[in-house]
Number of protein chains: 2
Amino acid sequence: MRFEVFILGNSSATPIYERHPTSQVVNYNEQLFLIDCGEGTQMQLSRYGIKSNRIGHVFISHLHGDHYLGLIGLLSSMHLVGRKSDLHLYGPAPLEEILELHFKHSETQIRYKIIFHPTNALQEEVIYESRMLQVTSFPLVHRIPCTGFRFQEGKRNATLIPERLEALNIPKPYFSAIKRGIDYVDAEGNLIPAAELTYPAPASRAYAYCSDTVRSPIYLKAIEGVDLLYHESTFLHEMLDRAKETFHTTCLEAAEIAREVQAKKLLLGHYSARYKILSPLLEEAQAIFPDTALSVEGKWFLV
Amino acid sequence: MRFEVFILGNSSATPIYERHPTSQVVNYNEQLFLIDCGEGTQMQLSRYGIKSNRIGHVFISHLHGDHYLGLIGLLSSMHLVGRKSDLHLYGPAPLEEILELHFKHSETQIRYKIIFHPTNALQEEVIYESRMLQVTSFPLVHRIPCTGFRFQEGKRNATLIPERLEALNIPKPYFSAIKRGIDYVDAEGNLIPAAELTYPAPASRAYAYCSDTVRSPIYLKAIEGVDLLYHESTFLHEMLDRAKETFHTTCLEAAEIAREVQAKKLLLGHYSARYKILSPLLEEAQAIFPDTALSVEGKWFLV
């Protein structure tokens, strides 16, 4: 079951060096979720051949321009290319007012349905749930209300052991239940535990997205033990004062956070315009947390 | 005196094939004016090395997203790179409300002054005037209120004839007045007409911008006799019905308009996403008005 993150933009507020403002696509089992939507996101989607109409859910962390100014254009283009299916939009409450004002003055009647879900920047909340995936929003600490998002996979299916099923003559219609851990009872009433018929299910995976935030203990629990942690790392640690002042994080801090929450892998991003070359950012983080990568535009990262 | 137009974006509503939504820079004697500001304009400026802080005046034709959704990002970035000088912004009245709503929720205090001038989509108005340049807005005919803009150069200086000035011993401090057509009176009270001391001044130049509009006689007077006419040409003429329905113009119509108003040169643009290859659009217009060019991103066009 595919679970990957695609980077559309990795820049902080001032886009430069052909880096674009923040936006990511999460692909979970061919369902696409968009996280943040900086200016130019629709062009980036088109550049990388990702059809916008495959996106069913859009999550906006906060209302700084570099995280949402591409949204109106994207919603309008979805309309222009004939989208019919509903779009679920999650973000700070005033986002709805901003969209309405634009659509009023541009006299646009969006033909598909936009279902708006205001997020809560004060406490953790489950905002999306399907059989295999749950998305929670959780408070980050920024200059304005801001949330992170955790994509948590549900319990995965175990893999059947064909020889055992065959030996016991278990009929095919039961296979799906056994994979999900339901024990089998044969015609004579004998119970055969599912665990004896399967290899253990692979562990559930999780992805957490933290942008923008100053380092704070309040969100650590929400990102605990994730397989992939995207954490903003706007500055090198020599700029710690500036990071605090602007409610951002340094690469060293991001690495310490990843270690603290026992993330498996760390992804840096939201690079300040002052850094043309990004390797010093990577090196600073890797010294603390070796399994760190730079988020790179146009690249998929496995969760 | 430089008078040129730079194309940052030439696409209609759905950006595709690496074409960007509408935006242009007018350079008049090293003063930069921005016309329309589609999504991604700040990235295009940065790509082509045009410093946004050299732009003193921004003109927005109407409130469809592909003509203004890059504005908030551009204004924010100007602020972030430390702009101090005033910015004059001209556009439909509700634009002010849209900007205020964003700055309120992003809690942004722009450090430089934005002076907003609402445009009038019902009648022609002079909206900017300096010694050598006048900008007028004039009504176009679109689905929502929309104006075009005419950049009209003032009377240009004549070129002095050095031999004549020398022969008559005319002192240097008078040269500038003579260039501007003011006759010279010598110590004995003899009047020497400026025309005898100069070669005739080159003709004043004009640039007109028309996007978006359906073909209509109402704006013809406003664009009469311009040296360079940018006229939207969203469709080929075989799509005339669609053009009318969406309040746009075909290439054939744009060419007929250029001929009718005796423009010197026509620039096509605002290409529909249905056209990957643009040569048929150019050919259709050139059959009527030979001095037609395609607006091409990243290119300067002389007025």
# chains A, B, ... in the order shown; residues from 1 in each chain; ligands from 1
$ select_by_dssp --residues "region 60-206 of chain A" --states "strand (DSSP E)" --output "PyMOL selection string"
chain A and resi 87-91+114-118+125-129+133-139+147-153+159-160+184-185+191-192+198-199+206
$ residues_around --residues "Ile182 (chain A)" --least-positions-apart "2" --cutoff "9 Å" --atoms "only C-alpha atoms" --output "mmCIF file with all heavy atoms, in the first residue's frame"
data_model
loop_
_atom_site.group_PDB
_atom_site.id
_atom_site.type_symbol
_atom_site.label_atom_id
_atom_site.label_comp_id
_atom_site.auth_asym_id
_atom_site.auth_seq_id
_atom_site.Cartn_x
_atom_site.Cartn_y
_atom_site.Cartn_z
ATOM 1 N N SER A 176 -10.207 -12.808 3.411
ATOM 2 C CA SER A 176 -10.134 -11.375 3.718
ATOM 3 C C SER A 176 -10.278 -11.141 5.222
ATOM 4 O O SER A 176 -9.552 -10.315 5.813
ATOM 5 C CB SER A 176 -11.188 -10.644 2.895
ATOM 6 O OG SER A 176 -11.673 -9.536 3.578
ATOM 7 N N ALA A 177 -11.198 -11.869 5.879
ATOM 8 C CA ALA A 177 -11.382 -11.732 7.326
ATOM 9 C C ALA A 177 -10.126 -12.191 8.077
ATOM 10 O O ALA A 177 -9.678 -11.552 9.033
ATOM 11 C CB ALA A 177 -12.592 -12.527 7.773
ATOM 12 N N ILE A 178 -9.541 -13.310 7.627
ATOM 13 C CA ILE A 178 -8.341 -13.840 8.295
ATOM 14 C C ILE A 178 -7.193 -12.830 8.222
ATOM 15 O O ILE A 178 -6.502 -12.568 9.198
ATOM 16 C CB ILE A 178 -7.934 -15.204 7.662
ATOM 17 C CG1 ILE A 178 -9.029 -16.246 7.951
ATOM 18 C CG2 ILE A 178 -6.576 -15.670 8.178
ATOM 19 C CD1 ILE A 178 -8.923 -17.524 7.141
ATOM 20 N N LYS A 179 -7.044 -12.217 7.055
ATOM 21 C CA LYS A 179 -6.006 -11.190 6.884
ATOM 22 C C LYS A 179 -6.176 -10.072 7.896
ATOM 23 O O LYS A 179 -5.214 -9.480 8.368
ATOM 24 C CB LYS A 179 -6.138 -10.549 5.487
ATOM 25 C CG LYS A 179 -5.441 -11.274 4.381
ATOM 26 C CD LYS A 179 -5.463 -10.350 3.164
ATOM 27 C CE LYS A 179 -5.368 -11.122 1.867
ATOM 28 N NZ LYS A 179 -5.597 -10.267 0.707
ATOM 29 N N ARG A 180 -7.449 -9.763 8.199
ATOM 30 C CA ARG A 180 -7.706 -8.671 9.142
ATOM 31 C C ARG A 180 -7.632 -9.166 10.602
ATOM 32 O O ARG A 180 -7.971 -8.446 11.536
ATOM 33 C CB ARG A 180 -9.062 -8.025 8.841
ATOM 34 C CG ARG A 180 -8.984 -7.056 7.653
ATOM 35 C CD ARG A 180 -10.306 -6.368 7.348
ATOM 36 N NE ARG A 180 -11.210 -7.243 6.586
ATOM 37 C CZ ARG A 180 -12.433 -7.589 6.958
ATOM 38 N NH1 ARG A 180 -12.918 -7.153 8.124
ATOM 39 N NH2 ARG A 180 -13.172 -8.382 6.220
ATOM 40 N N TYR A 184 -10.498 -18.267 12.405
ATOM 41 C CA TYR A 184 -11.353 -19.111 11.561
ATOM 42 C C TYR A 184 -11.936 -20.257 12.393
ATOM 43 O O TYR A 184 -11.245 -20.845 13.225
ATOM 44 C CB TYR A 184 -10.521 -19.677 10.400
ATOM 45 C CG TYR A 184 -11.287 -20.648 9.534
ATOM 46 C CD1 TYR A 184 -12.307 -20.188 8.685
ATOM 47 C CD2 TYR A 184 -10.998 -22.014 9.561
ATOM 48 C CE1 TYR A 184 -13.013 -21.077 7.895
ATOM 49 C CE2 TYR A 184 -11.695 -22.913 8.767
ATOM 50 C CZ TYR A 184 -12.712 -22.433 7.929
ATOM 51 O OH TYR A 184 -13.413 -23.318 7.147
ATOM 52 N N PRO A 193 -6.646 -19.930 15.202
ATOM 53 C CA PRO A 193 -6.309 -18.507 15.328
ATOM 54 C C PRO A 193 -5.744 -17.947 14.014
ATOM 55 O O PRO A 193 -4.938 -18.625 13.350
ATOM 56 C CB PRO A 193 -5.243 -18.477 16.426
ATOM 57 C CG PRO A 193 -5.387 -19.778 17.154
ATOM 58 C CD PRO A 193 -5.881 -20.776 16.149
ATOM 59 N N ALA A 194 -6.195 -16.752 13.675
ATOM 60 C CA ALA A 194 -5.695 -16.091 12.453
ATOM 61 C C ALA A 194 -4.181 -16.001 12.477
ATOM 62 O O ALA A 194 -3.521 -16.128 11.436
ATOM 63 C CB ALA A 194 -6.323 -14.705 12.317
ATOM 64 N N ALA A 195 -3.620 -15.798 13.664
ATOM 65 C CA ALA A 195 -2.165 -15.652 13.788
ATOM 66 C C ALA A 195 -1.428 -16.886 13.286
ATOM 67 O O ALA A 195 -0.272 -16.793 12.856
ATOM 68 C CB ALA A 195 -1.796 -15.372 15.241
#
$ calpha_fit_and_write --fixed "chain A" --moving "chain B" --output "short mmCIF file (atom, residue, chain, number, x, y, z; two decimals) with C-alpha atoms, in the first residue's frame"
data_model
loop_
_atom_site.label_atom_id
_atom_site.label_comp_id
_atom_site.auth_asym_id
_atom_site.auth_seq_id
_atom_site.Cartn_x
_atom_site.Cartn_y
_atom_site.Cartn_z
CA MET B 1 0.06 0.01 -0.03
CA ARG B 2 1.73 3.19 -1.28
CA PHE B 3 2.35 5.87 1.36
CA GLU B 4 4.56 8.69 0.06
CA VAL B 5 5.01 12.44 0.20
CA PHE B 6 5.76 14.58 -2.87
CA ILE B 7 7.37 17.99 -2.45
CA LEU B 8 5.88 20.77 -4.61
CA GLY B 9 7.50 23.63 -2.70
CA ASN B 10 10.04 23.93 0.09
CA SER B 11 10.71 27.66 0.37
CA SER B 12 9.89 30.00 3.22
CA ALA B 13 8.10 33.30 2.67
CA THR B 14 10.28 34.76 -0.11
CA PRO B 15 10.44 32.35 -3.05
CA ILE B 16 13.89 32.42 -4.68
CA TYR B 17 16.40 30.19 -6.53
CA GLU B 18 13.48 28.50 -8.32
CA ARG B 19 12.24 27.21 -4.96
CA HIS B 20 8.49 27.49 -4.46
CA PRO B 21 6.44 28.23 -1.37
CA THR B 22 5.27 25.32 0.75
CA SER B 23 3.07 22.60 -0.68
CA GLN B 24 3.13 18.81 -0.51
CA VAL B 25 1.08 15.93 -1.85
CA VAL B 26 0.52 12.84 0.29
CA ASN B 27 -0.30 9.72 -1.69
CA TYR B 28 -1.92 7.07 0.45
CA ASN B 29 -2.91 4.08 -1.65
CA GLU B 30 -3.51 6.31 -4.72
CA GLN B 31 -5.66 8.74 -2.73
CA LEU B 32 -4.09 12.21 -2.94
CA PHE B 33 -4.08 14.74 -0.12
CA LEU B 34 -2.63 18.23 -0.48
CA ILE B 35 -0.91 19.89 2.48
CA ASP B 36 -0.59 23.66 2.20
CA CYS B 37 -0.89 25.44 -1.10
CA GLY B 38 1.60 28.27 -1.57
CA GLU B 39 1.53 30.52 -4.62
CA GLY B 40 2.24 28.55 -7.79
CA THR B 41 1.05 25.17 -6.47
CA GLN B 42 -1.23 24.58 -9.47
CA MET B 43 1.68 25.22 -11.84
CA GLN B 44 3.89 22.85 -9.86
CA LEU B 45 1.21 20.14 -10.00
CA SER B 46 0.99 20.61 -13.74
CA ARG B 47 4.79 20.63 -14.13
CA TYR B 48 5.06 17.28 -12.34
CA GLY B 49 2.06 15.73 -14.05
CA ILE B 50 -0.11 15.39 -10.95
CA LYS B 51 -3.75 15.85 -11.93
CA SER B 52 -5.33 18.29 -9.49
CA ASN B 53 -8.67 16.54 -9.75
CA ARG B 54 -7.18 13.46 -8.10
CA ILE B 55 -6.87 15.53 -4.91
CA GLY B 56 -9.85 15.00 -2.64
CA HIS B 57 -8.67 16.74 0.52
CA VAL B 58 -6.68 19.92 1.09
CA PHE B 59 -5.15 20.82 4.46
CA ILE B 60 -4.04 24.40 5.16
CA SER B 61 -1.82 24.87 8.22
CA HIS B 62 -2.21 28.64 8.64
CA LEU B 63 -2.98 31.88 6.86
CA HIS B 64 0.46 33.20 6.04
CA GLY B 65 0.54 33.81 2.31
CA ASP B 66 3.33 31.35 1.52
CA HIS B 67 1.09 28.53 2.77
CA TYR B 68 -2.22 29.29 1.07
CA LEU B 69 -2.02 31.93 -1.68
CA GLY B 70 -2.13 29.26 -4.38
CA LEU B 71 -5.43 27.90 -3.12
CA ILE B 72 -7.87 30.22 -4.92
CA GLY B 73 -6.13 29.64 -8.25
CA LEU B 74 -6.12 25.89 -7.70
CA LEU B 75 -9.82 25.78 -6.75
CA SER B 76 -10.67 27.93 -9.80
CA SER B 77 -8.66 25.73 -12.15
CA MET B 78 -10.31 22.59 -10.76
CA HIS B 79 -13.60 24.26 -11.67
CA LEU B 80 -12.38 25.22 -15.16
CA VAL B 81 -11.22 21.70 -16.01
CA GLY B 82 -14.68 20.43 -15.10
CA ARG B 83 -14.26 18.91 -11.65
CA LYS B 84 -17.44 17.29 -10.39
CA SER B 85 -16.37 15.54 -7.20
CA ASP B 86 -16.51 17.12 -3.75
CA LEU B 87 -13.42 18.74 -2.30
CA HIS B 88 -12.84 18.72 1.44
CA LEU B 89 -10.91 21.71 2.67
CA TYR B 90 -9.45 21.93 6.18
CA GLY B 91 -7.96 25.12 7.53
CA PRO B 92 -8.34 28.10 9.88
CA ALA B 93 -11.92 29.40 10.03
CA PRO B 94 -11.25 32.78 8.31
CA LEU B 95 -10.12 30.95 5.19
CA GLU B 96 -13.78 30.46 4.30
CA GLU B 97 -14.41 34.21 4.41
CA ILE B 98 -11.34 34.86 2.24
CA LEU B 99 -12.52 32.39 -0.41
CA GLU B 100 -16.06 33.76 -0.37
CA LEU B 101 -14.84 37.32 -0.87
CA HIS B 102 -12.80 36.31 -3.90
CA PHE B 103 -15.57 34.23 -5.48
CA LYS B 104 -18.03 37.07 -4.89
CA HIS B 105 -15.93 39.71 -6.68
CA SER B 106 -14.76 37.40 -9.46
CA GLU B 107 -18.39 36.27 -9.84
CA THR B 108 -17.33 32.65 -9.83
CA GLN B 109 -19.85 29.90 -9.20
CA ILE B 110 -17.74 26.85 -8.44
CA ARG B 111 -19.55 23.87 -10.00
CA TYR B 112 -18.26 21.23 -7.59
CA LYS B 113 -18.88 21.21 -3.86
CA ILE B 114 -16.24 22.59 -1.47
CA ILE B 115 -16.85 21.26 2.01
CA PHE B 116 -15.03 23.42 4.50
CA HIS B 117 -13.88 22.04 7.84
CA PRO B 118 -12.44 24.71 10.19
CA THR B 119 -9.40 23.48 12.11
CA ASN B 120 -8.79 24.02 15.80
CA ALA B 121 -5.40 25.53 16.66
CA LEU B 122 -5.94 25.00 20.40
CA GLN B 123 -6.18 21.24 20.65
CA GLU B 124 -5.56 18.03 18.77
CA GLU B 125 -8.51 16.79 16.71
CA VAL B 126 -9.23 13.95 14.33
CA ILE B 127 -10.28 15.73 11.14
CA TYR B 128 -10.41 12.89 8.62
CA GLU B 129 -10.99 9.19 9.00
CA SER B 130 -11.29 6.35 6.55
CA ARG B 131 -10.90 2.62 7.09
CA MET B 132 -7.15 2.76 6.64
CA LEU B 133 -6.15 6.35 7.35
CA GLN B 134 -6.73 8.91 10.05
CA VAL B 135 -5.61 12.53 9.87
CA THR B 136 -5.32 14.61 13.02
CA SER B 137 -4.55 18.28 13.29
CA PHE B 138 -2.57 19.51 16.28
CA PRO B 139 -1.47 22.94 17.54
CA LEU B 140 1.87 24.37 16.48
CA VAL B 141 3.33 27.57 17.95
CA HIS B 142 3.55 30.32 15.38
CA ARG B 143 2.85 34.04 15.13
CA ILE B 144 -0.74 33.30 14.10
CA PRO B 145 -2.94 30.22 14.72
CA CYS B 146 -1.29 27.26 13.03
CA THR B 147 -1.71 23.49 13.04
CA GLY B 148 0.38 20.53 12.02
CA PHE B 149 -1.10 17.34 10.57
CA ARG B 150 -0.47 13.68 11.33
CA PHE B 151 -1.38 11.02 8.78
CA GLN B 152 -1.77 7.76 10.68
CA GLU B 153 -2.28 4.51 8.89
CA GLY B 154 -4.77 2.03 10.42
CA LYS B 155 -4.07 -1.58 11.23
CA ARG B 156 -2.64 -3.23 8.13
CA ASN B 157 -3.66 -6.64 6.85
CA ALA B 158 -1.54 -9.66 7.64
CA THR B 159 -0.19 -11.81 4.80
CA LEU B 160 -1.75 -15.24 4.39
CA ILE B 161 0.35 -18.42 4.56
CA PRO B 162 -1.07 -20.31 1.54
CA GLU B 163 0.19 -23.78 2.55
CA ARG B 164 -1.60 -23.65 5.89
CA LEU B 165 -4.87 -22.47 4.36
CA GLU B 166 -4.66 -25.23 1.81
CA ALA B 167 -3.80 -27.90 4.36
CA LEU B 168 -6.87 -26.94 6.40
CA ASN B 169 -9.07 -26.58 3.32
CA ILE B 170 -10.19 -23.11 4.31
CA PRO B 171 -12.55 -21.66 1.69
CA LYS B 172 -11.53 -18.47 -0.14
CA PRO B 173 -14.40 -16.25 1.10
CA TYR B 174 -12.81 -16.36 4.60
CA PHE B 175 -9.38 -15.12 3.46
CA SER B 176 -10.13 -11.42 3.74
CA ALA B 177 -11.38 -11.76 7.35
CA ILE B 178 -8.37 -13.87 8.32
CA LYS B 179 -6.01 -11.22 6.87
CA ARG B 180 -7.71 -8.71 9.14
CA GLY B 181 -7.01 -10.95 12.16
CA ILE B 182 -10.38 -12.70 12.52
CA ASP B 183 -9.98 -16.29 13.67
CA TYR B 184 -11.40 -19.11 11.59
CA VAL B 185 -13.93 -21.63 12.91
CA ASP B 186 -14.32 -24.78 10.83
CA ALA B 187 -17.43 -26.92 10.25
CA GLU B 188 -16.66 -28.98 13.38
CA GLY B 189 -16.45 -25.87 15.52
CA ASN B 190 -12.65 -25.92 15.87
CA LEU B 191 -11.15 -22.46 16.21
CA ILE B 192 -7.96 -21.81 14.27
CA PRO B 193 -6.37 -18.51 15.35
CA ALA B 194 -5.72 -16.11 12.46
CA ALA B 195 -2.19 -15.67 13.80
CA GLU B 196 -1.46 -19.31 12.86
CA LEU B 197 -2.65 -18.73 9.29
CA THR B 198 -0.73 -15.52 8.57
CA TYR B 199 2.62 -13.81 8.77
CA PRO B 200 2.39 -10.84 11.17
CA ALA B 201 0.94 -7.67 9.64
CA PRO B 202 3.50 -4.98 8.80
CA ALA B 203 3.53 -2.11 11.30
CA SER B 204 1.23 0.85 10.67
CA ARG B 205 2.98 3.89 9.27
CA ALA B 206 2.66 7.57 10.13
CA TYR B 207 3.69 10.88 8.59
CA ALA B 208 3.73 14.17 10.51
CA TYR B 209 3.91 17.65 9.03
CA CYS B 210 5.11 20.59 11.16
CA SER B 211 5.30 23.94 9.42
CA ASP B 212 5.51 26.72 10.68
CA THR B 213 6.47 26.60 14.34
CA VAL B 214 8.95 27.63 16.95
CA ARG B 215 10.34 24.69 18.93
CA SER B 216 7.91 23.77 21.67
CA PRO B 217 7.10 20.71 23.79
CA ILE B 218 3.37 21.09 23.18
CA TYR B 219 3.27 19.20 19.89
CA LEU B 220 5.76 16.44 20.70
CA LYS B 221 3.15 13.91 21.73
CA ALA B 222 1.25 14.45 18.49
CA ILE B 223 4.25 13.50 16.36
CA GLU B 224 5.60 10.68 18.50
CA GLY B 225 7.09 7.69 16.74
CA VAL B 226 6.26 8.72 13.19
CA ASP B 227 8.03 7.01 10.31
CA LEU B 228 8.60 10.30 8.51
CA LEU B 229 8.66 13.70 10.16
CA TYR B 230 8.61 16.83 8.05
CA HIS B 231 9.74 19.62 10.34
CA GLU B 232 10.35 23.15 9.16
CA SER B 233 13.98 24.19 9.55
CA THR B 234 14.03 27.74 8.28
CA PHE B 235 17.46 28.64 9.70
CA LEU B 236 20.86 27.33 10.70
CA HIS B 237 21.30 27.26 14.48
CA GLU B 238 23.57 30.32 14.39
CA MET B 239 20.32 32.21 13.63
CA LEU B 240 18.51 30.88 16.72
CA ASP B 241 17.56 34.34 17.95
CA ARG B 242 16.03 35.19 14.60
CA ALA B 243 14.25 31.82 14.56
CA LYS B 244 12.67 32.48 17.95
CA GLU B 245 11.75 36.04 17.03
CA THR B 246 9.96 34.87 13.87
CA PHE B 247 8.50 31.69 15.45
CA HIS B 248 10.58 29.34 13.35
CA THR B 249 12.92 26.43 14.03
CA THR B 250 16.60 25.80 13.31
CA CYS B 251 17.96 22.64 11.65
CA LEU B 252 19.67 21.58 14.86
CA GLU B 253 16.41 21.94 16.76
CA ALA B 254 14.46 20.00 14.13
CA ALA B 255 17.00 17.18 14.46
CA GLU B 256 16.77 17.18 18.26
CA ILE B 257 12.98 17.05 17.99
CA ALA B 258 13.15 14.10 15.57
CA ARG B 259 15.42 12.27 18.02
CA GLU B 260 13.22 13.12 20.99
CA VAL B 261 10.01 11.80 19.40
CA GLN B 262 11.86 8.78 17.96
CA ALA B 263 10.93 9.52 14.39
CA LYS B 264 12.45 7.12 11.89
CA LYS B 265 13.37 9.76 9.32
CA LEU B 266 13.44 13.57 9.24
CA LEU B 267 12.70 15.80 6.27
CA LEU B 268 13.90 19.41 6.40
CA GLY B 269 12.20 22.31 4.60
CA HIS B 270 10.84 25.86 4.58
CA TYR B 271 14.31 27.14 3.81
CA SER B 272 15.05 30.82 4.32
CA ALA B 273 15.87 32.89 1.23
CA ARG B 274 19.28 33.57 2.79
CA TYR B 275 20.44 30.03 1.92
CA LYS B 276 21.22 29.45 -1.70
CA ILE B 277 23.19 26.29 -0.93
CA LEU B 278 21.36 23.91 1.38
CA SER B 279 24.05 21.36 2.30
CA PRO B 280 25.06 23.18 5.52
CA LEU B 281 21.45 22.84 6.72
CA LEU B 282 21.50 19.11 6.05
CA GLU B 283 24.90 18.65 7.71
CA GLU B 284 23.81 20.50 10.84
CA ALA B 285 20.77 18.23 11.25
CA GLN B 286 22.57 14.99 10.35
CA ALA B 287 25.16 15.58 13.08
CA ILE B 288 22.31 15.08 15.57
CA PHE B 289 19.91 12.88 13.61
CA PRO B 290 21.66 10.96 10.82
CA ASP B 291 18.56 9.84 8.95
CA THR B 292 17.74 13.34 7.75
CA ALA B 293 17.04 14.40 4.17
CA LEU B 294 16.43 17.74 2.49
CA SER B 295 12.96 18.05 1.04
CA VAL B 296 13.63 18.49 -2.67
CA GLU B 297 11.02 19.77 -5.09
CA GLY B 298 9.79 17.20 -7.55
CA LYS B 299 10.74 14.21 -5.41
CA TRP B 300 8.71 11.51 -3.65
CA PHE B 301 9.69 10.49 -0.11
CA LEU B 302 8.56 7.14 1.29
CA VAL B 303 6.77 7.16 4.65
#
$ select_by_dssp --residues "region 15-225 of chain A" --states "helix (DSSP H, G or I)" --output "VMD selection string"
chain A and resid 41 to 47 52 to 54 65 to 68 71 to 80 94 to 105 162 to 167 172 to 179 194 to 197 217 to 219 221 to 223
